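S.K.: One file: start-v9.txt (compact mmCIF, C-alpha atoms and all ligand atoms).
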# COMPACT_ATOMS: atom_id res chain seq x y z
CA MET A 1 17.93 12.24 -3.08
CA THR A 2 19.07 8.65 -2.70
CA ASP A 3 15.91 8.00 -0.75
CA TYR A 4 14.05 8.00 -4.02
CA ASP A 5 16.11 5.42 -5.88
CA GLY A 6 13.29 2.96 -5.53
CA TYR A 7 10.84 4.75 -7.77
CA TYR A 8 9.32 2.80 -10.58
CA ASP A 9 9.80 4.99 -13.59
CA THR A 10 6.52 3.94 -15.14
CA HIS A 11 4.63 5.46 -12.27
CA ASP A 12 5.97 8.97 -12.18
CA GLY A 13 4.00 10.14 -15.16
CA ALA A 14 7.07 11.19 -17.18
CA PRO A 15 8.97 9.26 -19.84
CA ALA A 16 12.11 7.75 -18.33
CA GLU A 17 14.35 9.01 -21.14
CA ALA A 18 13.07 12.54 -20.69
CA ALA A 19 14.01 12.38 -17.06
CA GLY A 20 17.47 11.12 -17.95
CA ARG A 21 17.00 7.72 -16.38
CA PRO A 22 17.68 4.34 -17.97
CA ASP A 23 14.47 2.69 -19.09
CA GLY A 24 14.63 -0.96 -18.11
CA GLU A 25 12.08 -3.68 -18.65
CA HIS A 26 8.63 -2.12 -18.17
CA GLY A 27 10.15 1.18 -17.22
CA MET A 28 12.04 -0.11 -14.18
CA THR A 29 15.77 0.30 -14.22
CA ARG A 30 17.71 -2.89 -13.70
CA ARG A 31 18.84 -1.63 -10.32
CA GLN A 32 15.25 -0.92 -9.31
CA LEU A 33 14.19 -4.31 -10.59
CA MET A 34 16.89 -5.98 -8.52
CA ARG A 35 15.89 -3.99 -5.48
CA HIS A 36 12.30 -5.09 -6.03
CA ALA A 37 13.54 -8.66 -6.43
CA GLY A 38 15.61 -8.37 -3.29
CA TRP A 39 12.42 -7.86 -1.38
CA PHE A 40 11.45 -11.49 -1.79
CA GLY A 41 14.49 -12.73 0.08
CA GLY A 42 16.20 -16.03 -0.54
CA ALA A 43 16.73 -17.33 -4.03
CA VAL A 44 14.49 -15.50 -6.42
CA VAL A 45 13.84 -16.01 -10.10
CA LEU A 46 12.08 -13.20 -11.90
CA THR A 47 10.20 -13.68 -15.11
CA VAL A 48 8.22 -11.15 -17.05
CA ALA A 49 4.86 -12.13 -18.45
CA GLY A 50 2.07 -10.02 -19.80
CA GLY A 51 3.78 -6.82 -18.78
CA GLU A 52 4.30 -7.83 -15.18
CA VAL A 53 7.23 -8.99 -13.17
CA ILE A 54 6.37 -12.36 -11.70
CA SER A 55 8.45 -13.80 -8.89
CA HIS A 56 9.25 -17.39 -8.18
CA ILE A 57 10.77 -18.18 -4.82
CA ALA A 58 13.05 -21.18 -4.46
CA ASP A 59 11.22 -23.42 -2.08
CA PRO A 60 13.29 -24.06 1.08
CA ARG A 61 12.25 -27.72 0.78
CA GLY A 62 14.01 -28.03 -2.54
CA SER A 63 11.68 -27.49 -5.45
CA THR A 64 10.93 -24.13 -7.00
CA ALA A 65 7.45 -22.94 -6.17
CA GLU A 66 5.37 -20.04 -7.36
CA ALA A 67 5.48 -17.11 -5.00
CA ALA A 68 2.34 -16.62 -3.04
CA THR A 69 1.24 -13.86 -5.36
CA GLY A 70 1.72 -16.02 -8.42
CA THR A 71 -1.08 -17.73 -10.18
CA ALA A 72 -0.30 -21.27 -9.12
CA ALA A 73 -0.51 -20.90 -5.37
CA ALA A 74 -4.21 -21.73 -5.10
CA GLY A 75 -4.84 -24.25 -2.40
CA SER A 76 -1.29 -23.98 -1.05
CA GLY A 77 -2.41 -22.46 2.23
CA ALA A 78 -0.52 -19.27 1.42
CA LEU A 79 -1.76 -15.90 2.58
CA ARG A 80 -2.67 -13.60 -0.26
CA PHE A 81 -4.10 -10.17 0.21
CA VAL A 82 -4.58 -7.04 -1.85
CA GLN A 83 -3.91 -3.39 -1.10
CA VAL A 84 -5.81 -0.67 -2.92
CA SER A 85 -5.42 2.97 -2.03
CA ASP A 86 -6.49 6.54 -2.54
CA SER A 87 -9.67 6.02 -4.53
CA HIS A 88 -10.77 9.60 -3.71
CA ILE A 89 -14.40 8.86 -4.54
CA GLY A 90 -16.04 12.22 -5.17
CA PHE A 91 -12.97 13.87 -6.70
CA GLN A 92 -13.79 15.96 -9.72
CA GLY A 93 -11.09 17.47 -11.85
CA PRO A 94 -9.08 17.13 -15.03
CA ALA A 95 -6.53 14.79 -13.38
CA ASN A 96 -9.21 12.07 -13.56
CA MET A 97 -12.70 12.83 -14.80
CA ASP A 98 -14.02 9.47 -13.59
CA VAL A 99 -12.47 8.27 -10.34
CA ALA A 100 -15.48 6.00 -9.72
CA GLY A 101 -14.85 4.35 -13.08
CA SER A 102 -11.16 3.87 -12.22
CA PHE A 103 -12.02 2.35 -8.86
CA THR A 104 -14.54 0.04 -10.52
CA GLU A 105 -11.74 -1.10 -12.82
CA ALA A 106 -9.53 -1.69 -9.80
CA VAL A 107 -12.25 -3.78 -8.12
CA ASP A 108 -12.71 -5.77 -11.33
CA GLN A 109 -8.96 -6.31 -11.53
CA VAL A 110 -8.85 -7.61 -7.95
CA ASN A 111 -11.69 -9.96 -8.84
CA SER A 112 -9.74 -11.20 -11.86
CA LEU A 113 -6.43 -11.94 -10.15
CA GLY A 114 -6.93 -15.66 -10.50
CA PHE A 115 -7.16 -16.19 -6.76
CA ARG A 116 -9.52 -15.02 -4.07
CA PRO A 117 -7.55 -12.72 -1.75
CA ASP A 118 -7.86 -13.51 1.95
CA PHE A 119 -8.63 -9.85 2.47
CA VAL A 120 -8.42 -6.48 0.78
CA MET A 121 -6.98 -3.46 2.59
CA HIS A 122 -7.90 0.02 1.42
CA SER A 123 -5.15 2.22 2.80
CA GLY A 124 -7.08 5.46 2.97
CA ASP A 125 -8.44 8.46 1.11
CA LEU A 126 -11.39 6.27 0.30
CA THR A 127 -13.39 9.45 -0.27
CA HIS A 128 -12.34 12.87 -1.44
CA LEU A 129 -14.38 15.05 0.89
CA SER A 130 -15.70 12.75 3.67
CA THR A 131 -19.36 13.26 2.74
CA ALA A 132 -21.96 10.68 3.76
CA GLY A 133 -22.75 10.05 0.10
CA GLN A 134 -19.09 9.40 -0.74
CA PHE A 135 -18.69 7.00 2.20
CA ASP A 136 -21.83 5.14 1.11
CA GLN A 137 -20.63 4.99 -2.47
CA VAL A 138 -17.15 3.66 -1.72
CA LYS A 139 -18.49 1.14 0.78
CA HIS A 140 -21.00 -0.07 -1.78
CA MET A 141 -18.30 -0.33 -4.45
CA MET A 142 -16.04 -2.35 -2.15
CA SER A 143 -18.89 -4.74 -1.42
CA GLY A 144 -18.25 -5.97 -4.99
CA LEU A 145 -14.79 -7.25 -3.99
CA LYS A 146 -14.61 -11.04 -4.05
CA THR A 147 -12.84 -11.50 -0.75
CA ASP A 148 -13.69 -12.62 2.77
CA ARG A 149 -12.90 -9.32 4.47
CA VAL A 150 -12.32 -5.70 3.58
CA PHE A 151 -10.19 -3.61 5.92
CA THR A 152 -9.54 0.12 5.81
CA VAL A 153 -7.44 2.83 7.42
CA PRO A 154 -8.52 6.45 7.13
CA GLY A 155 -6.82 9.07 4.98
CA GLU A 156 -6.91 12.77 5.73
CA HIS A 157 -9.58 13.09 3.02
CA ASP A 158 -11.75 10.74 5.13
CA SER A 159 -11.41 12.89 8.23
CA ILE A 160 -12.35 16.32 6.97
CA GLY A 161 -14.00 18.51 9.59
CA ASP A 162 -14.99 15.79 12.04
CA ALA A 163 -11.76 14.09 13.18
CA GLY A 164 -12.83 10.89 11.46
CA ARG A 165 -16.25 10.39 13.07
CA ALA A 166 -18.12 9.79 9.79
CA TYR A 167 -15.33 7.43 8.72
CA ARG A 168 -15.61 5.43 11.93
CA ARG A 169 -19.40 5.27 11.65
CA THR A 170 -18.94 3.63 8.25
CA PHE A 171 -15.78 1.57 8.73
CA GLY A 172 -14.87 1.67 12.41
CA THR A 173 -16.81 -1.30 13.76
CA GLY A 174 -14.63 -3.31 16.11
CA THR A 175 -11.75 -0.83 16.11
CA LEU A 176 -10.12 0.72 19.15
CA GLY A 177 -9.37 4.33 20.08
CA ASP A 178 -9.65 6.54 17.04
CA GLY A 179 -9.98 3.58 14.69
CA TRP A 180 -6.81 1.49 15.10
CA TYR A 181 -6.80 -2.30 15.36
CA SER A 182 -4.77 -5.44 14.81
CA PHE A 183 -5.45 -8.99 13.66
CA ASP A 184 -3.65 -12.22 12.87
CA THR A 185 -3.96 -14.57 9.97
CA HIS A 186 -1.72 -17.23 8.36
CA GLY A 187 0.93 -16.67 11.03
CA VAL A 188 1.28 -12.96 10.21
CA HIS A 189 0.42 -10.18 12.65
CA PHE A 190 -1.25 -7.10 11.13
CA ILE A 191 -1.58 -3.67 12.70
CA ALA A 192 -3.69 -0.89 11.17
CA LEU A 193 -2.80 2.60 12.36
CA VAL A 194 -4.45 6.02 12.11
CA ASN A 195 -2.19 9.01 11.38
CA THR A 196 -4.61 11.35 9.64
CA LEU A 197 -7.14 12.33 12.25
CA SER A 198 -7.32 16.02 11.73
CA LEU A 199 -5.46 18.59 9.73
CA GLU A 200 -3.72 19.67 12.95
CA LYS A 201 -2.64 16.10 13.67
CA LEU A 202 -1.65 14.99 10.17
CA GLY A 203 1.20 12.52 10.24
CA HIS A 204 0.88 11.91 13.95
CA LEU A 205 0.08 8.76 15.92
CA GLY A 206 -0.18 10.03 19.47
CA ASP A 207 0.72 8.38 22.77
CA ASP A 208 -2.53 6.41 23.13
CA GLN A 209 -2.00 4.69 19.81
CA ILE A 210 1.69 4.08 20.46
CA GLY A 211 0.69 2.55 23.80
CA PHE A 212 -1.69 0.27 21.93
CA VAL A 213 1.12 -0.87 19.62
CA ARG A 214 3.42 -1.50 22.59
CA LYS A 215 0.87 -3.75 24.29
CA ASP A 216 -0.17 -5.35 21.03
CA LEU A 217 3.38 -6.45 20.18
CA ALA A 218 4.42 -7.39 23.70
CA GLY A 219 3.35 -11.03 23.57
CA LEU A 220 4.60 -11.76 20.06
CA SER A 221 7.65 -13.84 19.35
CA SER A 222 10.31 -11.95 17.38
CA ASP A 223 10.07 -14.30 14.42
CA THR A 224 6.41 -13.41 13.78
CA PRO A 225 6.16 -11.48 10.51
CA VAL A 226 4.55 -8.12 11.20
CA VAL A 227 2.72 -5.95 8.67
CA VAL A 228 1.78 -2.38 9.56
CA PHE A 229 -0.76 -0.40 7.54
CA SER A 230 -1.09 3.36 7.70
CA HIS A 231 -2.26 6.03 5.30
CA ILE A 232 0.64 8.45 5.64
CA PRO A 233 4.07 6.81 5.43
CA LEU A 234 5.80 5.89 8.67
CA PHE A 235 9.12 6.84 7.10
CA ALA A 236 10.21 10.35 6.13
CA MET A 237 9.37 10.19 2.44
CA TYR A 238 9.07 13.97 2.08
CA PRO A 239 8.24 15.79 5.31
CA LYS A 240 8.00 19.14 3.54
CA TRP A 241 4.77 17.91 1.92
CA GLY A 242 3.54 16.12 5.02
CA TRP A 243 4.71 12.75 3.70
CA SER A 244 5.96 11.53 7.07
CA THR A 245 4.76 10.74 10.58
CA ASP A 246 6.37 12.86 13.28
CA ASP A 247 6.32 10.25 16.07
CA ALA A 248 6.71 7.12 13.94
CA LEU A 249 10.16 6.41 15.37
CA LYS A 250 8.50 5.36 18.63
CA VAL A 251 6.65 2.63 16.74
CA ILE A 252 9.71 1.77 14.63
CA ALA A 253 11.65 1.22 17.87
CA LEU A 254 9.01 -1.29 18.99
CA LEU A 255 9.27 -3.11 15.66
CA ARG A 256 13.07 -3.41 15.63
CA ARG A 257 13.22 -6.80 17.39
CA PHE A 258 11.11 -8.53 14.74
CA SER A 259 12.90 -10.35 11.97
CA SER A 260 10.45 -9.30 9.25
CA VAL A 261 8.46 -6.07 9.27
CA THR A 262 6.56 -4.67 6.30
CA CYS A 263 4.96 -1.22 6.40
CA LEU A 264 2.38 -0.52 3.69
CA ASN A 265 1.04 2.99 3.17
CA GLY A 266 -0.89 5.12 0.71
CA HIS A 267 -1.21 8.93 0.56
CA VAL A 268 1.66 9.64 -1.82
CA HIS A 269 -0.08 8.22 -4.93
CA GLN A 270 3.08 6.59 -6.27
CA LEU A 271 5.14 3.49 -5.77
CA PHE A 272 8.16 3.73 -3.58
CA THR A 273 10.13 1.14 -1.63
CA LYS A 274 12.74 1.61 1.05
CA THR A 275 14.41 -0.80 3.45
CA GLU A 276 15.86 0.20 6.80
CA GLY A 277 17.32 -2.78 8.62
CA ASN A 278 14.54 -5.25 9.36
CA ILE A 279 11.79 -2.96 8.07
CA THR A 280 10.70 -2.48 4.47
CA PHE A 281 8.34 0.34 3.57
CA HIS A 282 6.17 0.22 0.48
CA SER A 283 4.19 3.25 -0.61
CA ALA A 284 1.28 2.24 -2.84
CA THR A 285 -0.04 3.95 -5.89
CA THR A 286 -3.58 5.22 -6.26
CA THR A 287 -6.66 4.36 -8.27
CA ALA A 288 -7.52 8.06 -8.73
CA TYR A 289 -4.79 10.44 -9.96
CA PRO A 290 -1.01 10.81 -9.79
CA LEU A 291 0.81 13.22 -7.51
CA PRO A 292 4.23 14.66 -8.39
CA ARG A 293 7.43 13.08 -7.28
CA PRO A 294 8.78 14.66 -4.10
CA GLY A 295 10.06 18.15 -4.71
CA ARG A 296 9.30 18.04 -8.45
CA ALA A 297 6.43 20.53 -8.16
CA PRO A 298 5.59 23.45 -5.90
CA ALA A 299 2.97 21.37 -4.09
CA PRO A 300 1.55 17.83 -4.08
CA THR A 301 -1.43 18.63 -6.29
CA PRO A 302 -3.21 16.27 -8.72
CA GLN A 303 -1.19 15.89 -11.90
CA VAL A 304 -2.90 16.12 -15.25
CA VAL A 305 -1.25 13.66 -17.63
CA PRO A 306 -2.29 12.16 -20.98
CA ALA A 307 -4.88 9.37 -20.69
CA ARG A 308 -2.39 6.59 -21.36
CA GLN A 309 0.00 7.86 -18.72
CA LEU A 310 -2.88 8.11 -16.27
CA LYS A 311 -3.53 4.40 -16.74
CA ASP A 312 0.14 3.70 -16.11
CA ALA A 313 0.06 5.66 -12.88
CA LEU A 314 -2.91 3.83 -11.35
CA GLY A 315 -2.82 0.33 -9.96
CA ILE A 316 -3.37 -2.31 -7.32
CA ARG A 317 -0.97 -4.35 -5.19
CA SER A 318 -1.09 -7.99 -4.23
CA VAL A 319 0.95 -9.39 -1.37
CA GLY A 320 1.69 -13.00 -0.57
CA TYR A 321 3.20 -14.91 2.27
CA ARG A 322 3.78 -18.58 2.85
CA GLN A 323 4.41 -19.77 6.35
CA GLY A 324 8.10 -20.42 6.76
CA ASP A 325 9.19 -17.79 4.24
CA ARG A 326 11.20 -14.96 5.70
CA GLU A 327 9.63 -12.16 3.72
CA LEU A 328 6.38 -11.24 2.08
CA ALA A 329 6.16 -11.01 -1.69
CA VAL A 330 4.82 -7.72 -3.02
CA LYS A 331 3.59 -7.35 -6.58
CA ASP A 332 2.35 -4.06 -8.00
CA GLN A 333 0.22 -4.04 -11.11
CA ARG A 334 -1.01 -1.19 -13.23
CA LEU A 335 -4.70 -0.96 -13.91
CA ALA A 336 -5.25 -3.21 -16.90
FE FE B 401 -4.75 10.51 -1.50
FE FE B 402 -3.89 11.27 1.77
When written as structure tokens, how does the structure in this file appear?
Ligand SMILES: [Fe+2]
Ligand SMILES: [Fe+2]

M.R.:
Amino acid sequence: MTDYDGYYDTHDGAPAEAAGRPDGEHGMTRRQLMRHAGWFGGAVVLTVAGGEVISHIADPRGSTAEAATGTAAAGSGALRFVQVSDSHIGFQGPANMDVAGSFTEAVDQVNSLGFRPDFVMHSGDLTHLSTAGQFDQVKHMMSGLKTDRVFTVPGEHDSIGDAGRAYRRTFGTGTLGDGWYSFDTHGVHFIALVNTLSLEKLGHLGDDQIGFVRKDLAGLSSDTPVVVFSHIPLFAMYPKWGWSTDDALKVIALLRRFSSVTCLNGHVHQLFTKTEGNITFHSATTTAYPLPRPGRAPAPTPQVVPARQLKDALGIRSVGYRQGDRELAVKDQRLA
């Protein structure tokens, strides 16, 4: 089970001591903290303020500067974006009696970050049941985000019964194929993939989409940082529960020549980080309800936890990048 060393203990819904794990600062073990720190690359100083781990990256030009996700980067020209995930608007159940309220809190938290993100990515399961009303509601809620652009990728809950047609009517403008696309900003190349189209094709990209990625990457220099969004992880987090993408290795092979690749996914409703060579994978948490850790329950069903633990399990992620840095800086925050 070494694949799961990267879990943040605060996000699994169980007290760390009860699970027999050392409880480090804010529930992260020291080893996990260091692994998180290692993500920033270069010389990194971590400080803890207000319950969060804040990173400072040693500026290659000599002076220590706030990481792009820090509070002092305004006006620095850094890229800063936010990932939210798995809002499941329309879900009703004891695991969270008010998912709309939780998502509203997440939107408010994004708007209170102290900087205006260049964009916000919702990495899927926007809705719970793909109804027109749920799509309208989540779109309306995201219109309250103080950002220039909102991007999405579909989750399997956004593709129920219609292979994603209602999703694409709401969010698919300007996308290719079944809803995939790419864009560039601040020297970073972004690709948004679809691996949730139908229950028969869950965790599958397909040759058309892989062909798109091949062409899309062909003209890029290998030192371009690449960020790939998908709902279901592109790594084998837990295939038994469908937490993997069966043909992802074909895309991974295309990404191998790049010096910095970051894959950001949702779907698993918990934080997890894993590095394989040049590629780092970050599973995001949810704004709706926790799911069990892999293999710790008979099935990945919504977990009912005490109210305080629910708060600890939900969150948002901010990501920063300054041109010239080798890696992106990822910061996960619980819902306040
Ligand atoms: Fe989900
Ligand atoms: Fe999902």

S.K.: Measuring between only C-alpha atoms, which one of A:Gly211, A:Pro225, A:Pro290, A:Gly320 shows the shortest distance to Gln83 of chain A?

M.R.: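 Of the candidates, the smallest distance to Gln83 of chain A is held by A:Gly320.
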
S.K.: Using only C-alpha atoms and all ligand atoms, find each residue with an atom at most 7 Å away from ligand FE 402 (chain B) and format the answer as an MDAnalysis selection string.

M.R.: chainID A and resid 86 124:125 155:157 231:232 266:268

S.K.: So, with all atoms listed in the file as the atoms that count, which of A:Ile316, A:Leu217, A:Leu176, A:Ala288 lies closest to ligand FE 401 (chain B)?

M.R.: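 Result for the nearest residue to ligand FE 401 (chain B): A:Ala288.
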
S.K.: Which is closer to ligand FE 401 (chain B) than all the others in A:His122, A:His282, A:Lys274, A:Arg308, using all atoms listed in the file?

M.R.: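 Counting all atoms listed in the file, the residue closest to ligand FE 401 (chain B) is A:His122.
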
S.K.: Select, from A:His269, A:Ser143, A:Lys331, A:Phe171, the residue with the minimum atom-to-atom distance to Thr301 of chain A, counting all atoms listed in the file.

M.R.: A:His269

S.K.: Pick the closest to ligand FE 401 (chain B) from A:Ala307, A:Val99, A:Val330, A:Ala218: which is it, counting only C-alpha atoms and all ligand atoms?

M.R.: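 Smallest distance to ligand FE 401 (chain B) is found for A:Val99.
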
S.K.: Calculate how many Å separate atom CA of Ser221 of chain A from atom CA of Asp246 of chain A, rounding to one decimal.

M.R.: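 Value for the atom CA of Ser221 of chain A-atom CA of Asp246 of chain A distance: 27.4 Å.
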
S.K.: So for segment 313-320 of chain A, what box centre and size do we get, axis-aligned, 8 Å extra on each of the six sides, every listed atom, Å to one decimal, as lines of an AutoDock Vina configuration file?

M.R.:
center_x = -0.8
center_y = -3.7
center_z = -6.7
size_x = 21.1
size_y = 34.7
size_z = 28.3

S.K.: Which residue out of A:Thr170, A:Asp178, A:Val110, A:Val153 has the minimum interatomic distance to Ala192 of chain A when all atoms listed in the file are used?

M.R.: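 Checking each candidate against Ala192 of chain A, we get A:Val153 as the closest.
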
S.K.: Rounded to one decimal in Å, what is the spacing between atom CA of Tyr167 of chain A and atom CA of Pro302 of chain A?

M.R.: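 Distance between the two atoms: 23.0 Å.
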
S.K.: To one decimal place, how far is atom CA of Thr224 of chain A from atom CA of His189 of chain A in Å?

M.R.: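 Computing the Euclidean distance for atom CA of Thr224 of chain A and atom CA of His189 of chain A yields 6.9 Å.
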
S.K.: Quick one: residues within 12 Å of Ala297 of chain A, only C-alpha atoms counted, chain neighbours fewer than 6 positions away excluded, as a list of chain:residue names?

M.R.: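 In the requested format, the answer is A:Lys240, A:Trp241, A:Leu291, A:Gln303.
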
S.K.: Around (1.9, -17.3, 6.7), as given in the file, which residues come within 7 Å? Count all atoms listed in the file and list them as a ChimeraX atom specification.

M.R.: /A:78-79,186-188,321-324
